[in-house]
Every structure is written in C-alpha cells, then in structure tokens.
Amino acid sequence: MRQYALRRLAYLPIIMVAVSLVTFFTLRLPWATDPVLQYVNQNTTLEQEQEIRRELGLDKPMLQQFAIWMGQVARGDMGETFRSNQPVWEEIKRRLPVNLEILVLSVFFSTFFGVAFGVITAVKQNSPVDYGFRVFAVFGQSIPDFFLLILLIVLPSIWWNYSPPVGGHVSFFDDPWENLRLYVPPTLLLGVGGAAAMMRLTRSTLLEVFRQDYMRTARAKGLAGRAVVLDHGLRNSLIPIITLIGGQVTALFFGSLILEQIFSINGLGQFFLVSSITADFPVIQFLVLYTALIVMLMNLAVDLSYALIDPRVKYT
Amino acid sequence: MAARTAAQAYSWGAVPRRPGPGRRLLRTASQHPAGVFGLLVLVLFVFAGVFGPSLAPYDPDALAVGTPLAGPSWSHPFGLNQNGQDIFSRIIAGARISLTISAAAIFIGATIGSFLGILAGYYGRWIDYLVQRSGEAFAAFPSLVLYFMLRAALGPGMKAIIAAIAIGALFGGNRVLRGQTIIERNQVYVEAARAMGCSEWRIFFRHVMPNVLPLVIVLMSGALGAAILAESALAFLGLGVEEASWGRDMSGSNLSIARTGYWHVVVFPGLAISLVVLGANLLGDSLRDIWDPRLRR
C-alpha cells in the first residue's frame with residue numbers, strides 16, 4: 001500500500017505540470033480575452049498600451065512567459081495580480097478560511113444527514129417514514145441550491161421582517177458563536193442537494209448489503225439490530241459513500257461561489273469569478289493549480305481509505 | 001352427471017391475446033404515476049419553449065407593461081419586476097434558453113459519451129484505458145474551472161456553456177455503459193454471432209449496441225435535470241447568455257429588490273426551475289425503474 005501511495009504521489013507533479021500547461025496556453029489563445037484591454041480606454045495611446053503589456057509581462061514570447069512563471073512557482077512565488085499588483089498568495093490567504101469553512105460545513109451536513117436518512121429509510125423500507133424521506137430526496141435534488149439560499153434571505157424578511165446577516169466575515173477563532181450563526185444556516189441549505197444524493201446512494205447500497213448471507217448470519221448469531229445495521233451493514237456500504245463525498249467536495253467549489261455571491265461574502269470563489277472575467281492570469285493559473293492539487297490529494301485519500309474500510313482491497 | 005375432468009373445465013377457446021403496445025404502455029404508465037407527471041411537466045415546458053413568443057401575454061423584454069413591482073394579479077399572474085416587465089412572460093421566454101442549452105448539451109454529451117463508453121467496454125485494451133483515465137482527469141476538475149477554461153477558449157456565450165455541460169454528461173454516463181457492455185460482450189449471443197462469422201464491427205453495431213441503448217435513454221433523462229440546474233446556476237452567476245433566462249432573472253438587481261420584500265420577483269423563476277428539474281428527475285427515475293432495475297439508486 002505504501003508503494004501504491006508513493007507511486008500516486010509521484011504522478012502528482014507530472015499531472016500538475018500538464019494542468020498548468022493546459023491552463024497557461026488556453027488563457028493565452030489568440031481569441032481569448034486580452035487582459036490588457038481591461039486597463040485601456042479610448043484615450044490610451046498605442047505606446048501606453050505597449051507599456052501596460054510590458055508591465056504585465058505579456059510582451060515576451062509565450063514560451064518564455066511560461067518558463068518565467070514555472071520558475072516563480074518552483075520558488076514558491078505566485079506572482080502579483082494584474083488588477084491590484086498585490087501578491088497573489090496574500091490575496092488568497094485572506095480569503096481561504098471562508099472557503100474552507102463553507103466546504104467543511106456543507107460536506108459535514110450533507111454527509112451526516114444523507115447517511116443518517118439513508119440508514120433510516122433502508123431499515124424502514126416501504127414505510128411512511130421511507131416515503132417521506134424519499135420525497136424529500138427527490139425535491140432536494142430538484143431545487144437549485146441558489147434558490148434555497150435566496151429563500152433563506154427572502155422568506156424571513158416577509159414573515160418576520162427579519163433578514164439574516166449578510167456580508168462580513170467573522171473568524172471562528174474570534175467569535176465562534178457569531179461565526180456559526182453566520183455560516184450554519186446557508187451551509188446547511190447548500191448541503192441539501194448533496195444530502196439527497198447521499199441518502200439515495202446509502203439507501204440503495206444498504207438494501208443491497210441487507211440481502212447478503214453474512215447479514216443473515218449476523219442476525220442469526222443474535223447480534224443486536226443496531227450492531228447488525230451499523231457494523232455489518234453500513235461498514236460494507238462505506239466505499240460508494242466515501243467516493244460520493246469526494247465528488248461532492250469537487251462540486252462544492254461551485255456551491256461555495258454561489259453562497260458567497262448571495263451572502264456578499266468576499267471569498268475565494270468571488271475572487272476567482274472576478275479574476276476570470278477580467279482575465280487576471282496569475283490568479284486564474286494559481287487557483288486552477290490549487291484546486292487541481294486539492295482534488296487530486298482528496299482522490300488519493302479516498303482511494304487509500306478503501307483499504308482501511310475493506311481489508312479485502314489490495315493495491316497493486 | 002359424470003365428473004368434469006380438468007380438460008373439460010379448461011376453456012379451449014383462443015388464449016387471451018397479449019395486450020397491444022398501447023395497452024402495455026398504459027399499464028406501465030399507471031404503475032409509474034410520478035414518471036407520467038414528470039413527462040407532462042416536461043412536455044408543458046417544451047411546449048412553452050417552442051411556442052413561447054406567441055403564448056406569452058406580453059413581450060418578455062417590453063418595459064413598463066404595468067406598475068413596476070406590482071404583486072401577482074389576474075392580468076399579471078406572477079407580478080412585475082422593477083422594470084415593469086411581466087414575470088410570467090419572462091418565465092415562458094426563459095424556457096426556450098434553458099431547454100435549448102441543456103437538451104443540446106445532453107444530446108452531444110450523451111451521444112459521444114455513450115459511444116465511447118460502449119466502445120471502451122467492448123474493445124477494452126488501450127481504448128478502455130484512454131477513456132477511463134481521461135474521465136478521471138475531467139472528474140478531478142471542478143466544473144467551474146472547466147467552464148472558465150472553455151469560456152477562455154471558445155469565448156463567452158452559448159457554445160462554452162453547452163460544451164461544459166456536455167463534458168460533464170459525457171464522462172458521467174460512459175462508466176455505467178462500459179460496465180454494462182462488458183457484461184453483454186461475454187453473453188452467448190455474441191459468441192454465436194462470432195461463430196457465424198460476423199465481423200467485429202457488425203457484432204458491435206448490430207448485436208451489442210441495441211442491447212445497451214435503452215440505458216443511454218435512461219442516462220440522458222437522468223442527466224437532463226442536472227444540466228438544467230447547471231445552466232441556471234451559470235446564468236445566476238451572470239455567466240450565461242444575454243437572453244431572458246430564469247437564473248439571470250434571480251440575480252443582480254432582481255435579487256437585491258427581492259431582499260426588500262418583493263419576493264415574487266425571484267421566487268417564481270426559482271419555482272419554474274425547480275418544477276422542470278423535478279419533472280426531469282421524476283421521469284428519469286421512472287425510466288430507470290422500467291428499463292433497468294439493476295441501476296436503481
């Protein structure tokens with residue numbers, strides 16, 4: 001297993017280089033948005049435009065630009081943003097906690113409620129409880145997450161003339177209570193779609209596991225119902241569940257941006273959105289590398305966890 | 001009277017005929033009311049999308065057709081937004097954009113994805129390896145990053161949106177199809193066809209392909225809801241197309257005006273999205289139950 005993990009880790013830099021190559025040259029395709037155009041108006045002379053282009057380092061041949069950028073990244077320097085000439089890493093570090101919190105809370109809620117509802121509906125198959133939760137799941141997968149978040153703002157303002165706090169960020173370490181009051185309601189709603197998908201997956205996997213012979217054996221030898229369902233049943237359905245968690249983290253990059261947009265939080269997604277529209281190359285390049293790294297490390301963790309869950313899994 | 005034998009009791013008349021296709025369809029439909037509901041909803045929205053302009057009571061872009069921000073009333077069932085545009089007409093107009101983009105994306109994505117998946121499953125070897133690995137590579141990219149790459153490459157507009165959603169659908173379905181094809185490939189009828197001297201391409205197109213095609217329809221209908229959600233989310237973020245669309249009508253100034261109590265401005269477009277996605281999901285679930293009980297998830 002160690003060998004497998006090491007080999008996967010050895011692939012990482014290769015994939016990262018490939019990702020950066022693709023990103024770098026896609027952004028600089030001749031017909032793609034030209035960042036210089038963001039800083040010129042009708043009074044800008046051609047010389048001034050050339051000057052801006054030179055300042056941004058976009059006048060050099062593309063391969064040279066790429067070599068310079070790779071050299072910077074290798075030294076841990078992420079460059080400066082085009083827009084404000086601030087170091088990219090500083091700008092990102094400031095916004096990172098917001099995103100991590102949104103990500104962690106939503107994944108926690110969707111996993112917790114999804115698995116819990118999945119176990120309940122599988123145990124009580126075809127009962128009113130089962131039907132109730134399944135209706136919830138169908139609706140949960142159909143209502144757009146941004147609509148739920150909008151309702152969170154709009155409905156209380158009609159009913160109780162109360163608006164949930166919008167904008168501003170309070171660090172968890174400064175004021176945990178205020179921070180959770182700010183983040184729990186929206187992340188709970190952001191997790192609804194994920195919880196619905198998780199519930200359906202857990203339910204169907206568990207029902208499949210319940211049919212296995214070892215489940216009958218476990219019951220026959222007199223194990224308590226809870227032990228049968230949780231230790232024997234749930235443990236054997238964990239692999240698809242963990243795989244889905246991995247996929248949900250990737251999807252939540254999108255959800256986080258939507259949450260930031262609606263609640264006017266200045267987070268990473270917002271930063272990425274603005275930078276993409278204004279073609280702020282250093283920011284886009286860094287964020288693509290960053291998300292690719294996170295997603296790949298997470299996929300590795302998911303793959304490695306299979307062996308912990310199921311001793312029969314062997315890596316080659 | 002002599003005892004009746006079993007043979008005498010048996011009615012020797014014609015065996016009741018197998019119900020015709022229409023009757024069978026009706027029976028299936030009555031077993032899946034949710035799916036029928038989904039189909040009706042989808043048909044309704046497609047109808048609105050096709051005949052939208054002539055159905056809408058007002059021009060969706062016309063300003064001040066009534067008092068701005070007026071709530072729902074008989075002449076404006078969903079009310080008006082701050083520009084005095086009729087929200088009901090805008091929702092009808094939005095159906096066209098939403099359904100065009102998602103249907104095109106699903107069609108392109110699912111067609112290519114199914115072909116690749118079936119080919120990978122049937123042929124195996126390097127094609128399988130290539131398709132599998134590239135699927136994993138794309139799955140690793142957050143969809144938003146992928147969209148921005150495409151937006152940079154194809155320019156903002158419908159093409160990039162369709163491409164981004166299509167790529168998602170492409171790799172979403174092909175894994176399932178690959179698995180099913182591997183099962184079909186090892187069936188006896190394939191061996192029989194091969195023994196009769198069929199070429200590999202003939203076996204692929206005439207024998208294996210028809211047996212996995214129902215799955216493609218199941219996958220397509222399942223992916224439609226997700227595609228509509230993705231399109232509306234992009235529009236909501238202001239990354240969509242210029243025309244009236246549900247997602248765009250819920251963002252920006254409409255959203256800020258809704259915060260001040262004019263809920264109808266954003267709630268009705270949101271309900272429209274939810275309803276059409278609900279329809280697509282219900283139809284997809286029912287089709288899956290009907291055609292492929294193994295996939296039940």
# chains A, B, ... in the order shown; residues from 1 in each chain; ligands from 1
>>> interface_residues(of="chain A", to="chain B", cutoff="6 Å", atoms="only C-alpha atoms", output="PDB file with N, CA and C atoms, in the first residue's frame")
ATOM      1  N   THR A  26      -4.286  27.873 -22.721  1.00  0.00           N
ATOM      2  CA  THR A  26      -5.692  28.158 -23.035  1.00  0.00           C
ATOM      3  C   THR A  26      -5.990  29.637 -22.794  1.00  0.00           C
ATOM      4  N   LEU A  27      -5.469  30.152 -21.679  1.00  0.00           N
ATOM      5  CA  LEU A  27      -5.742  31.552 -21.353  1.00  0.00           C
ATOM      6  C   LEU A  27      -5.166  32.483 -22.405  1.00  0.00           C
ATOM      7  N   ALA A  32      -8.845  34.492 -27.025  1.00  0.00           N
ATOM      8  CA  ALA A  32      -9.331  34.602 -25.654  1.00  0.00           C
ATOM      9  C   ALA A  32      -9.249  36.060 -25.191  1.00  0.00           C
ATOM     10  N   SER A 142     -33.940  18.491  -6.873  1.00  0.00           N
ATOM     11  CA  SER A 142     -34.521  19.272  -7.962  1.00  0.00           C
ATOM     12  C   SER A 142     -34.442  20.775  -7.730  1.00  0.00           C
ATOM     13  N   ILE A 143     -34.424  21.195  -6.470  1.00  0.00           N
ATOM     14  CA  ILE A 143     -34.440  22.641  -6.201  1.00  0.00           C
ATOM     15  C   ILE A 143     -33.010  23.156  -6.287  1.00  0.00           C
ATOM     16  N   PHE A 147     -31.538  28.856  -5.246  1.00  0.00           N
ATOM     17  CA  PHE A 147     -32.924  29.198  -4.919  1.00  0.00           C
ATOM     18  C   PHE A 147     -33.157  29.008  -3.420  1.00  0.00           C
ATOM     19  N   VAL A 154     -35.059  35.691   1.628  1.00  0.00           N
ATOM     20  CA  VAL A 154     -36.300  36.393   1.304  1.00  0.00           C
ATOM     21  C   VAL A 154     -37.441  36.024   2.263  1.00  0.00           C
ATOM     22  N   ILE A 158     -40.139  38.389   4.708  1.00  0.00           N
ATOM     23  CA  ILE A 158     -41.587  38.584   4.552  1.00  0.00           C
ATOM     24  C   ILE A 158     -42.307  38.209   5.841  1.00  0.00           C
ATOM     25  N   ARG A 200     -29.958   8.728  -1.142  1.00  0.00           N
ATOM     26  CA  ARG A 200     -30.400   7.718  -2.117  1.00  0.00           C
ATOM     27  C   ARG A 200     -29.323   6.652  -2.296  1.00  0.00           C
ATOM     28  N   LEU A 201     -28.055   7.103  -2.337  1.00  0.00           N
ATOM     29  CA  LEU A 201     -26.961   6.149  -2.509  1.00  0.00           C
ATOM     30  C   LEU A 201     -26.865   5.222  -1.301  1.00  0.00           C
ATOM     31  N   SER A 204     -29.833   2.659  -1.242  1.00  0.00           N
ATOM     32  CA  SER A 204     -29.805   1.547  -2.197  1.00  0.00           C
ATOM     33  C   SER A 204     -28.632   0.611  -1.910  1.00  0.00           C
ATOM     34  N   THR A 250     -15.625  18.339  -4.854  1.00  0.00           N
ATOM     35  CA  THR A 250     -15.356  18.990  -6.139  1.00  0.00           C
ATOM     36  C   THR A 250     -16.525  19.869  -6.551  1.00  0.00           C
ATOM     37  N   PHE A 254     -18.286  25.113  -6.741  1.00  0.00           N
ATOM     38  CA  PHE A 254     -19.342  25.880  -7.392  1.00  0.00           C
ATOM     39  C   PHE A 254     -20.311  26.425  -6.347  1.00  0.00           C
ATOM     40  N   VAL A 295      -8.054  18.539  -5.245  1.00  0.00           N
ATOM     41  CA  VAL A 295      -8.912  17.456  -5.713  1.00  0.00           C
ATOM     42  C   VAL A 295      -8.105  16.168  -5.868  1.00  0.00           C
TER      43      VAL A 295
END
>>> residues_around(residues="stretch 173-187 of chain A", least_positions_apart="2", cutoff="12 Å", atoms="only C-alpha atoms", output="ChimeraX atom specification")
/A:97-110,145-153,163-171,189-195,252,255-265
>>> residues_around(residues="B:Glu184", least_positions_apart="5", cutoff="12 Å", atoms="only C-alpha atoms", output="PyMOL selection string")
chain B and resi 118+121-122+177-179+189-191+203-204+207-213
>>> write_last_selection(atoms="C-alpha atoms", output="compact mmCIF listing (two decimals), in the first residue's frame")
# COMPACT_ATOMS: atom_id res chain seq x y z
CA ILE B 118 -19.70 1.16 -25.25
CA GLY B 121 -16.34 -1.75 -22.81
CA TYR B 122 -16.45 -3.80 -25.98
CA LEU B 177 -22.33 1.90 -20.13
CA ARG B 178 -18.85 0.46 -20.11
CA GLY B 179 -19.79 -1.89 -17.27
CA TYR B 189 -25.27 -14.50 -28.42
CA VAL B 190 -22.08 -12.60 -29.08
CA GLU B 191 -20.19 -15.84 -29.25
CA ILE B 203 -21.30 -7.54 -33.72
CA PHE B 204 -20.63 -4.16 -32.14
CA HIS B 207 -25.76 -7.05 -31.56
CA VAL B 208 -24.14 -5.35 -28.60
CA MET B 209 -25.21 -1.76 -29.25
CA PRO B 210 -29.00 -2.36 -29.40
CA ASN B 211 -28.82 -4.22 -26.10
CA VAL B 212 -27.30 -1.33 -24.20
CA LEU B 213 -29.16 1.51 -25.95
>>> select_by_dssp(residues="stretch 69-262 of chain B", states="helix (DSSP H, G or I)", output="VMD selection string")
chain B and resid 87 to 123 125 to 140 143 to 154 158 to 185 188 to 195 200 to 236 246 to 249 252 to 259
>>> residues_around(residues="A:Val19", least_positions_apart="2", cutoff="10 Å", atoms="only C-alpha atoms", output="PDB file with C-alpha atoms, in the first residue's frame")
ATOM      1  CA  PRO A  13       3.929  16.717 -10.206  1.00  0.00           C
ATOM      2  CA  ILE A  14       3.536  15.308 -13.721  1.00  0.00           C
ATOM      3  CA  ILE A  15      -0.202  15.945 -13.695  1.00  0.00           C
ATOM      4  CA  MET A  16       0.325  19.381 -12.186  1.00  0.00           C
ATOM      5  CA  VAL A  17       2.716  20.333 -14.965  1.00  0.00           C
ATOM      6  CA  LEU A  21       0.477  23.810 -19.411  1.00  0.00           C
ATOM      7  CA  VAL A  22      -3.156  23.489 -20.478  1.00  0.00           C
ATOM      8  CA  THR A  23      -4.287  26.403 -18.306  1.00  0.00           C
ATOM      9  CA  PHE A  24      -1.452  28.669 -19.324  1.00  0.00           C
ATOM     10  CA  GLN A 285      -3.385  29.990 -13.022  1.00  0.00           C
ATOM     11  CA  VAL A 288      -6.545  26.179 -11.115  1.00  0.00           C
ATOM     12  CA  LEU A 289      -3.351  24.602  -9.789  1.00  0.00           C
ATOM     13  CA  ALA A 292      -6.366  20.562  -9.018  1.00  0.00           C
ATOM     14  CA  LEU A 293      -3.941  19.778  -6.196  1.00  0.00           C
TER      15      LEU A 293
ATOM     16  CA  ALA B 137      -8.922  13.590 -15.240  1.00  0.00           C
ATOM     17  CA  PHE B 141     -11.604  19.360 -12.429  1.00  0.00           C
TER      18      PHE B 141
END
>>> residues_around(residues="stretch 227-231 of chain A", least_positions_apart="5", cutoff="12 Å", atoms="only C-alpha atoms", output="JSON, numbers by chain")
{"A": [115, 116, 118, 119, 120, 122, 123, 124, 202, 203, 206, 207, 209, 210, 211, 212, 214, 215, 216, 217, 218, 219, 220, 221, 222, 236, 237, 238, 309]}
>>> write_last_selection(atoms="N, CA and C atoms", output="PDB file, in the first residue's frame")
ATOM      1  N   VAL A 115     -26.314  10.234   5.184  1.00  0.00           N
ATOM      2  CA  VAL A 115     -26.105   8.863   5.657  1.00  0.00           C
ATOM      3  C   VAL A 115     -27.163   8.494   6.692  1.00  0.00           C
ATOM      4  N   ALA A 116     -27.464   9.440   7.603  1.00  0.00           N
ATOM      5  CA  ALA A 116     -28.451   9.128   8.636  1.00  0.00           C
ATOM      6  C   ALA A 116     -29.810   8.815   8.007  1.00  0.00           C
ATOM      7  N   GLY A 118     -30.358   7.893   4.988  1.00  0.00           N
ATOM      8  CA  GLY A 118     -30.227   6.679   4.177  1.00  0.00           C
ATOM      9  C   GLY A 118     -30.386   5.434   5.028  1.00  0.00           C
ATOM     10  N   VAL A 119     -29.752   5.428   6.211  1.00  0.00           N
ATOM     11  CA  VAL A 119     -29.863   4.254   7.092  1.00  0.00           C
ATOM     12  C   VAL A 119     -31.302   4.096   7.552  1.00  0.00           C
ATOM     13  N   ILE A 120     -31.923   5.213   7.952  1.00  0.00           N
ATOM     14  CA  ILE A 120     -33.305   5.137   8.454  1.00  0.00           C
ATOM     15  C   ILE A 120     -34.232   4.584   7.366  1.00  0.00           C
ATOM     16  N   ALA A 122     -33.500   2.811   4.755  1.00  0.00           N
ATOM     17  CA  ALA A 122     -33.214   1.420   4.378  1.00  0.00           C
ATOM     18  C   ALA A 122     -33.781   0.465   5.420  1.00  0.00           C
ATOM     19  N   VAL A 123     -33.639   0.831   6.701  1.00  0.00           N
ATOM     20  CA  VAL A 123     -34.137  -0.052   7.760  1.00  0.00           C
ATOM     21  C   VAL A 123     -35.660  -0.109   7.714  1.00  0.00           C
ATOM     22  N   LYS A 124     -36.282   1.046   7.457  1.00  0.00           N
ATOM     23  CA  LYS A 124     -37.743   1.111   7.438  1.00  0.00           C
ATOM     24  C   LYS A 124     -38.256   1.126   6.008  1.00  0.00           C
ATOM     25  N   THR A 202     -26.915   5.807  -0.089  1.00  0.00           N
ATOM     26  CA  THR A 202     -26.800   4.995   1.121  1.00  0.00           C
ATOM     27  C   THR A 202     -27.936   3.981   1.183  1.00  0.00           C
ATOM     28  N   ARG A 203     -29.140   4.448   0.876  1.00  0.00           N
ATOM     29  CA  ARG A 203     -30.302   3.572   0.967  1.00  0.00           C
ATOM     30  C   ARG A 203     -30.166   2.377   0.022  1.00  0.00           C
ATOM     31  N   LEU A 206     -27.263   0.035   1.049  1.00  0.00           N
ATOM     32  CA  LEU A 206     -27.596  -0.727   2.252  1.00  0.00           C
ATOM     33  C   LEU A 206     -28.587  -1.838   1.936  1.00  0.00           C
ATOM     34  N   LEU A 207     -29.596  -1.520   1.108  1.00  0.00           N
ATOM     35  CA  LEU A 207     -30.593  -2.539   0.786  1.00  0.00           C
ATOM     36  C   LEU A 207     -29.928  -3.719   0.083  1.00  0.00           C
ATOM     37  N   VAL A 209     -26.793  -4.617   0.549  1.00  0.00           N
ATOM     38  CA  VAL A 209     -25.996  -5.331   1.561  1.00  0.00           C
ATOM     39  C   VAL A 209     -26.903  -6.189   2.443  1.00  0.00           C
ATOM     40  N   PHE A 210     -28.091  -5.670   2.750  1.00  0.00           N
ATOM     41  CA  PHE A 210     -29.006  -6.410   3.622  1.00  0.00           C
ATOM     42  C   PHE A 210     -29.353  -7.779   3.057  1.00  0.00           C
ATOM     43  N   ARG A 211     -29.250  -7.925   1.749  1.00  0.00           N
ATOM     44  CA  ARG A 211     -29.618  -9.208   1.133  1.00  0.00           C
ATOM     45  C   ARG A 211     -28.512 -10.248   1.246  1.00  0.00           C
ATOM     46  N   GLN A 212     -27.307  -9.820   1.692  1.00  0.00           N
ATOM     47  CA  GLN A 212     -26.174 -10.745   1.710  1.00  0.00           C
ATOM     48  C   GLN A 212     -26.347 -11.792   2.811  1.00  0.00           C
ATOM     49  N   TYR A 214     -24.074 -12.855   4.920  1.00  0.00           N
ATOM     50  CA  TYR A 214     -23.458 -12.561   6.216  1.00  0.00           C
ATOM     51  C   TYR A 214     -24.346 -11.705   7.106  1.00  0.00           C
ATOM     52  N   MET A 215     -25.299 -10.992   6.470  1.00  0.00           N
ATOM     53  CA  MET A 215     -26.218 -10.224   7.290  1.00  0.00           C
ATOM     54  C   MET A 215     -27.162 -11.167   8.032  1.00  0.00           C
ATOM     55  N   ARG A 216     -27.615 -12.215   7.317  1.00  0.00           N
ATOM     56  CA  ARG A 216     -28.491 -13.191   7.979  1.00  0.00           C
ATOM     57  C   ARG A 216     -27.726 -13.878   9.107  1.00  0.00           C
ATOM     58  N   THR A 217     -26.445 -14.223   8.817  1.00  0.00           N
ATOM     59  CA  THR A 217     -25.627 -14.863   9.844  1.00  0.00           C
ATOM     60  C   THR A 217     -25.521 -13.974  11.077  1.00  0.00           C
ATOM     61  N   ALA A 218     -25.269 -12.687  10.843  1.00  0.00           N
ATOM     62  CA  ALA A 218     -25.095 -11.770  11.964  1.00  0.00           C
ATOM     63  C   ALA A 218     -26.345 -11.744  12.825  1.00  0.00           C
ATOM     64  N   ARG A 219     -27.511 -11.733  12.152  1.00  0.00           N
ATOM     65  CA  ARG A 219     -28.761 -11.742  12.910  1.00  0.00           C
ATOM     66  C   ARG A 219     -28.951 -13.071  13.623  1.00  0.00           C
ATOM     67  N   ALA A 220     -28.605 -14.164  12.903  1.00  0.00           N
ATOM     68  CA  ALA A 220     -28.845 -15.500  13.443  1.00  0.00           C
ATOM     69  C   ALA A 220     -28.011 -15.742  14.689  1.00  0.00           C
ATOM     70  N   LYS A 221     -26.805 -15.169  14.725  1.00  0.00           N
ATOM     71  CA  LYS A 221     -25.988 -15.421  15.916  1.00  0.00           C
ATOM     72  C   LYS A 221     -26.377 -14.499  17.059  1.00  0.00           C
ATOM     73  N   GLY A 222     -27.431 -13.727  16.882  1.00  0.00           N
ATOM     74  CA  GLY A 222     -28.022 -12.994  17.991  1.00  0.00           C
ATOM     75  C   GLY A 222     -27.495 -11.600  18.195  1.00  0.00           C
ATOM     76  N   ASN A 236     -20.097  -2.062   5.221  1.00  0.00           N
ATOM     77  CA  ASN A 236     -19.928  -2.641   3.894  1.00  0.00           C
ATOM     78  C   ASN A 236     -20.485  -1.754   2.786  1.00  0.00           C
ATOM     79  N   SER A 237     -21.152  -0.659   3.149  1.00  0.00           N
ATOM     80  CA  SER A 237     -21.593   0.258   2.093  1.00  0.00           C
ATOM     81  C   SER A 237     -20.774   1.539   2.099  1.00  0.00           C
ATOM     82  N   LEU A 238     -19.698   1.562   2.889  1.00  0.00           N
ATOM     83  CA  LEU A 238     -18.949   2.811   3.022  1.00  0.00           C
ATOM     84  C   LEU A 238     -18.207   3.212   1.754  1.00  0.00           C
ATOM     85  N   ILE A 309     -11.217   0.586   5.004  1.00  0.00           N
ATOM     86  CA  ILE A 309     -12.606   0.179   5.211  1.00  0.00           C
ATOM     87  C   ILE A 309     -12.757  -1.310   4.954  1.00  0.00           C
TER      88      ILE A 309
END
>>> residues_around(residues="A:Phe136", least_positions_apart="5", cutoff="9 Å", atoms="only C-alpha atoms", output="list in words")
Tyr131, Gln141 and Ala196 of chain A
